[in-house]
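Chemist: For reference, the file input-v9.cif (mmCIF, C-alpha atoms) is included below:
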data_start
loop_
_atom_site.label_atom_id
_atom_site.label_comp_id
_atom_site.auth_asym_id
_atom_site.auth_seq_id
_atom_site.Cartn_x
_atom_site.Cartn_y
_atom_site.Cartn_z
CA MET A 29 -29.71 224.16 231.68
CA SER A 30 -32.10 222.00 229.72
CA LEU A 31 -34.53 222.72 226.90
CA PRO A 32 -38.21 221.68 227.08
CA ALA A 33 -39.28 218.25 225.86
CA ARG A 34 -41.46 217.75 222.81
CA GLU A 35 -44.71 215.79 222.95
CA THR A 36 -43.10 212.98 220.92
CA ASP A 37 -40.21 212.83 223.43
CA VAL A 38 -42.56 212.26 226.34
CA ALA A 39 -44.42 209.55 224.41
CA ALA A 40 -41.17 207.79 223.42
CA MET A 41 -40.03 207.93 227.05
CA SER A 42 -42.93 205.57 227.82
CA ARG A 43 -41.30 202.89 225.69
CA ALA A 44 -37.89 203.61 227.22
CA LEU A 45 -39.39 203.13 230.70
CA GLU A 46 -40.91 199.80 229.59
CA LEU A 47 -37.47 198.73 228.36
CA ALA A 48 -35.98 199.77 231.71
CA ASP A 49 -38.50 197.51 233.45
CA GLU A 50 -37.47 194.63 231.15
CA ALA A 51 -33.82 195.22 232.05
CA ALA A 52 -34.59 195.11 235.78
CA ALA A 53 -36.67 191.94 235.37
CA HIS A 54 -33.57 190.26 233.93
CA GLY A 55 -31.18 191.51 236.63
CA ASP A 56 -29.76 194.49 234.76
CA ILE A 57 -29.78 198.10 235.92
CA PRO A 58 -33.14 199.51 234.78
CA VAL A 59 -32.14 201.72 231.87
CA GLY A 60 -33.99 201.77 228.56
CA ALA A 61 -33.42 203.81 225.41
CA VAL A 62 -35.04 204.47 222.06
CA VAL A 63 -33.97 206.38 218.94
CA THR A 64 -36.63 208.34 217.08
CA ASP A 65 -36.66 209.91 213.64
CA LEU A 66 -37.79 213.47 212.86
CA ALA A 67 -41.47 212.43 213.00
CA GLY A 68 -41.02 210.84 216.43
CA ASN A 69 -41.19 207.24 215.16
CA ILE A 70 -39.06 204.76 217.07
CA ILE A 71 -36.37 203.37 214.74
CA GLY A 72 -34.20 201.64 217.35
CA GLU A 73 -34.48 200.55 220.95
CA GLY A 74 -32.38 198.96 223.64
CA ARG A 75 -32.11 198.12 227.30
CA ASN A 76 -29.16 197.42 229.54
CA LEU A 77 -27.78 193.95 228.79
CA ARG A 78 -24.47 194.06 230.67
CA GLU A 79 -25.37 191.38 233.21
CA ARG A 80 -27.27 189.19 230.77
CA ASP A 81 -24.54 189.24 228.13
CA GLY A 82 -21.49 189.77 230.36
CA ASP A 83 -20.64 192.71 228.10
CA PRO A 84 -19.32 195.92 229.70
CA LEU A 85 -20.36 197.90 226.60
CA ALA A 86 -23.99 196.70 226.55
CA HIS A 87 -25.52 199.95 227.78
CA ALA A 88 -29.07 200.73 226.65
CA GLU A 89 -27.92 203.70 224.57
CA LEU A 90 -25.39 201.68 222.58
CA ILE A 91 -27.92 198.91 221.92
CA ALA A 92 -30.47 201.49 220.69
CA LEU A 93 -27.93 203.30 218.48
CA ARG A 94 -26.86 200.01 216.89
CA ALA A 95 -30.49 199.02 216.29
CA ALA A 96 -31.25 202.37 214.61
CA ALA A 97 -28.16 202.09 212.41
CA SER A 98 -29.02 198.50 211.49
CA ALA A 99 -32.58 199.48 210.58
CA GLY A 100 -31.17 200.94 207.37
CA ASN A 101 -30.24 204.35 208.68
CA GLY A 102 -26.48 203.76 208.65
CA TRP A 103 -24.06 205.07 211.25
CA ASN A 104 -24.98 208.73 210.72
CA LEU A 105 -28.12 209.33 212.79
CA GLU A 106 -28.28 213.06 212.17
CA HIS A 107 -31.81 214.42 212.65
CA CYS A 108 -32.56 211.66 215.17
CA THR A 109 -33.24 211.86 218.90
CA LEU A 110 -32.05 209.46 221.58
CA ILE A 111 -34.45 209.13 224.50
CA VAL A 112 -33.01 207.34 227.55
CA THR A 113 -34.20 206.88 231.12
CA LEU A 114 -30.85 207.83 232.72
CA GLU A 115 -28.41 210.58 231.83
CA PRO A 116 -25.75 209.06 229.53
CA CYS A 117 -22.30 208.19 230.89
CA LEU A 118 -19.03 209.25 229.26
CA MET A 119 -18.83 206.15 227.07
CA CYS A 120 -22.39 206.59 225.80
CA ALA A 121 -21.91 210.33 225.29
CA GLY A 122 -18.94 209.57 223.04
CA ALA A 123 -21.00 207.08 221.02
CA ILE A 124 -23.86 209.57 220.75
CA LEU A 125 -21.55 212.20 219.30
CA GLN A 126 -19.92 209.69 216.94
CA SER A 127 -23.36 208.72 215.60
CA ARG A 128 -24.22 212.41 215.05
CA ILE A 129 -27.46 212.22 217.07
CA ASP A 130 -28.90 215.76 217.15
CA ARG A 131 -30.89 215.57 220.38
CA VAL A 132 -30.67 213.62 223.63
CA VAL A 133 -33.62 213.44 225.99
CA PHE A 134 -33.18 211.73 229.35
CA GLY A 135 -35.12 211.06 232.51
CA ALA A 136 -33.06 210.76 235.70
CA TRP A 137 -29.96 212.85 236.28
CA ASP A 138 -26.82 210.88 237.21
CA ALA A 139 -24.90 212.82 239.84
CA LYS A 140 -22.13 210.17 239.90
CA ALA A 141 -21.37 209.57 236.22
CA GLY A 142 -23.58 211.80 234.06
CA ALA A 143 -22.00 213.25 230.93
CA ALA A 144 -24.88 215.45 229.76
CA GLY A 145 -24.72 218.18 232.37
CA SER A 146 -24.36 216.60 235.81
CA VAL A 147 -20.70 215.64 236.25
CA TYR A 148 -19.57 216.37 232.70
CA ASP A 149 -21.20 218.15 229.77
CA VAL A 150 -19.65 216.23 226.89
CA LEU A 151 -22.71 216.39 224.64
CA ARG A 152 -22.56 220.20 224.49
CA ASP A 153 -18.79 220.68 224.64
CA ARG A 154 -17.93 223.40 222.11
CA ARG A 155 -14.43 221.97 221.64
CA LEU A 156 -15.87 218.94 219.87
CA PRO A 157 -16.86 218.84 216.17
CA HIS A 158 -20.43 217.70 216.91
CA ARG A 159 -22.77 218.71 219.72
CA ALA A 160 -26.24 217.54 220.71
CA GLU A 161 -29.18 219.43 222.11
CA VAL A 162 -29.90 218.13 225.63
CA VAL A 163 -33.29 217.84 227.31
CA GLY A 164 -32.99 216.47 230.84
CA GLY A 165 -35.39 215.48 233.59
CA VAL A 166 -38.20 214.15 231.37
CA ARG A 167 -40.32 211.90 233.60
CA ASP A 168 -37.45 212.06 236.08
CA ALA A 169 -39.53 210.83 239.04
CA GLU A 170 -40.55 207.65 237.22
CA ALA A 171 -37.04 206.88 235.99
CA SER A 172 -35.47 207.66 239.38
CA ALA A 173 -38.00 205.48 241.23
CA ARG A 174 -37.04 202.47 239.10
CA LEU A 175 -33.35 202.97 239.79
CA ARG A 176 -33.93 203.51 243.52
CA ALA A 177 -36.07 200.36 243.81
CA PHE A 178 -33.50 198.30 241.91
CA PHE A 179 -30.57 199.34 244.08
CA ASP A 180 -32.55 199.28 247.34
CA ALA A 181 -33.46 195.63 246.66
CA ARG A 182 -29.80 194.76 246.17
CA ARG A 183 -28.63 196.57 249.31
CA ARG A 184 -31.04 194.77 251.66
CA PRO A 185 -29.41 192.11 253.86
#
Represent the structure from my file as structure tokens, please.
Modeler:
Amino acid sequence: MSLPARETDVAAMSRALELADEAAAHGDIPVGAVVTDLAGNIIGEGRNLRERDGDPLAHAELIALRAAASAGNGWNLEHCTLIVTLEPCLMCAGAILQSRIDRVVFGAWDAKAGAAGSVYDVLRDRRLPHRAEVVGGVRDAEASARLRAFFDARRRP
């Protein structure tokens, strides 16, 4: 179950979708992410860079978390929201919890590797010392269409 999105979440998702388009234009899976503060201002952003950088850890979420921390906020991003176009994977969910992000808003659900309610529900696991509020399916159709187009283009003979 997912909570409703805030107006600032939907607006920030626009930037995340732009970042996803940038990732696809450079041969990476189209995933974009931004971190916002309490007022909804973007304080960090990222896009998938795995292919470009040859880095298995260069997921959009991790790039955005690092950018927010480097912007003078430090590692503890309590009271911040991560907005990402695809449901976070296990690795990203762990990083989200380690950074103390309070809320995660995502677009497309990931039925193969999602860790925010699809396959796993790491972000809300009561056994862990920190949990995040999860808002899923925000602009899902737009995020899913980008992913579908990207993979369809690669599967064509």
Chemist: Excluding range 35-49 of chain A and residues on its chain fewer than 6 positions from it, collect all residues at most 12 Å away from it, counting only C-alpha atoms, and give them as a ChimeraX atom specification.
Modeler: /A:55-77,87-89,91-92,108-114,131-136,162-175,177-178
Chemist: Could you give me, as a PyMOL selection string, the residues within 12 Å of Asp149 in chain A, counting all atoms listed in the file and dropping anything in the same chain fewer than 2 positions from it?
Modeler: chain A and resi 29-30+115-118+121-122+138-139+141-147+151-156+159-162+164
Chemist: May I have the selected residues written with C-alpha atoms, as a CSV table (one decimal), keeping the file's coordinate frame?
Modeler:
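File part_26.csv, as written:
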chain,number,residue,atom,x,y,z
A,29,MET,CA,-29.7,224.2,231.7
A,30,SER,CA,-32.1,222.0,229.7
A,115,GLU,CA,-28.4,210.6,231.8
A,116,PRO,CA,-25.8,209.1,229.5
A,117,CYS,CA,-22.3,208.2,230.9
A,118,LEU,CA,-19.0,209.2,229.3
A,121,ALA,CA,-21.9,210.3,225.3
A,122,GLY,CA,-18.9,209.6,223.0
A,138,ASP,CA,-26.8,210.9,237.2
A,139,ALA,CA,-24.9,212.8,239.8
A,141,ALA,CA,-21.4,209.6,236.2
A,142,GLY,CA,-23.6,211.8,234.1
A,143,ALA,CA,-22.0,213.2,230.9
A,144,ALA,CA,-24.9,215.4,229.8
A,145,GLY,CA,-24.7,218.2,232.4
A,146,SER,CA,-24.4,216.6,235.8
A,147,VAL,CA,-20.7,215.6,236.2
A,151,LEU,CA,-22.7,216.4,224.6
A,152,ARG,CA,-22.6,220.2,224.5
A,153,ASP,CA,-18.8,220.7,224.6
A,154,ARG,CA,-17.9,223.4,222.1
A,155,ARG,CA,-14.4,222.0,221.6
A,156,LEU,CA,-15.9,218.9,219.9
A,159,ARG,CA,-22.8,218.7,219.7
A,160,ALA,CA,-26.2,217.5,220.7
A,161,GLU,CA,-29.2,219.4,222.1
A,162,VAL,CA,-29.9,218.1,225.6
A,164,GLY,CA,-33.0,216.5,230.8
Chemist: Expressed in Å to a single decimal, how great is the separation between CA of Asp130 in chain A and CA of Ala52 in chain A?
Modeler: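 Distance reported for this atom pair: 28.4 Å.
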Chemist: May I ask for the distance between CA of Leu105 in chain A and CA of Asp81 in chain A, given in Å to one decimal place?
Modeler: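 So the answer is 25.5 Å.
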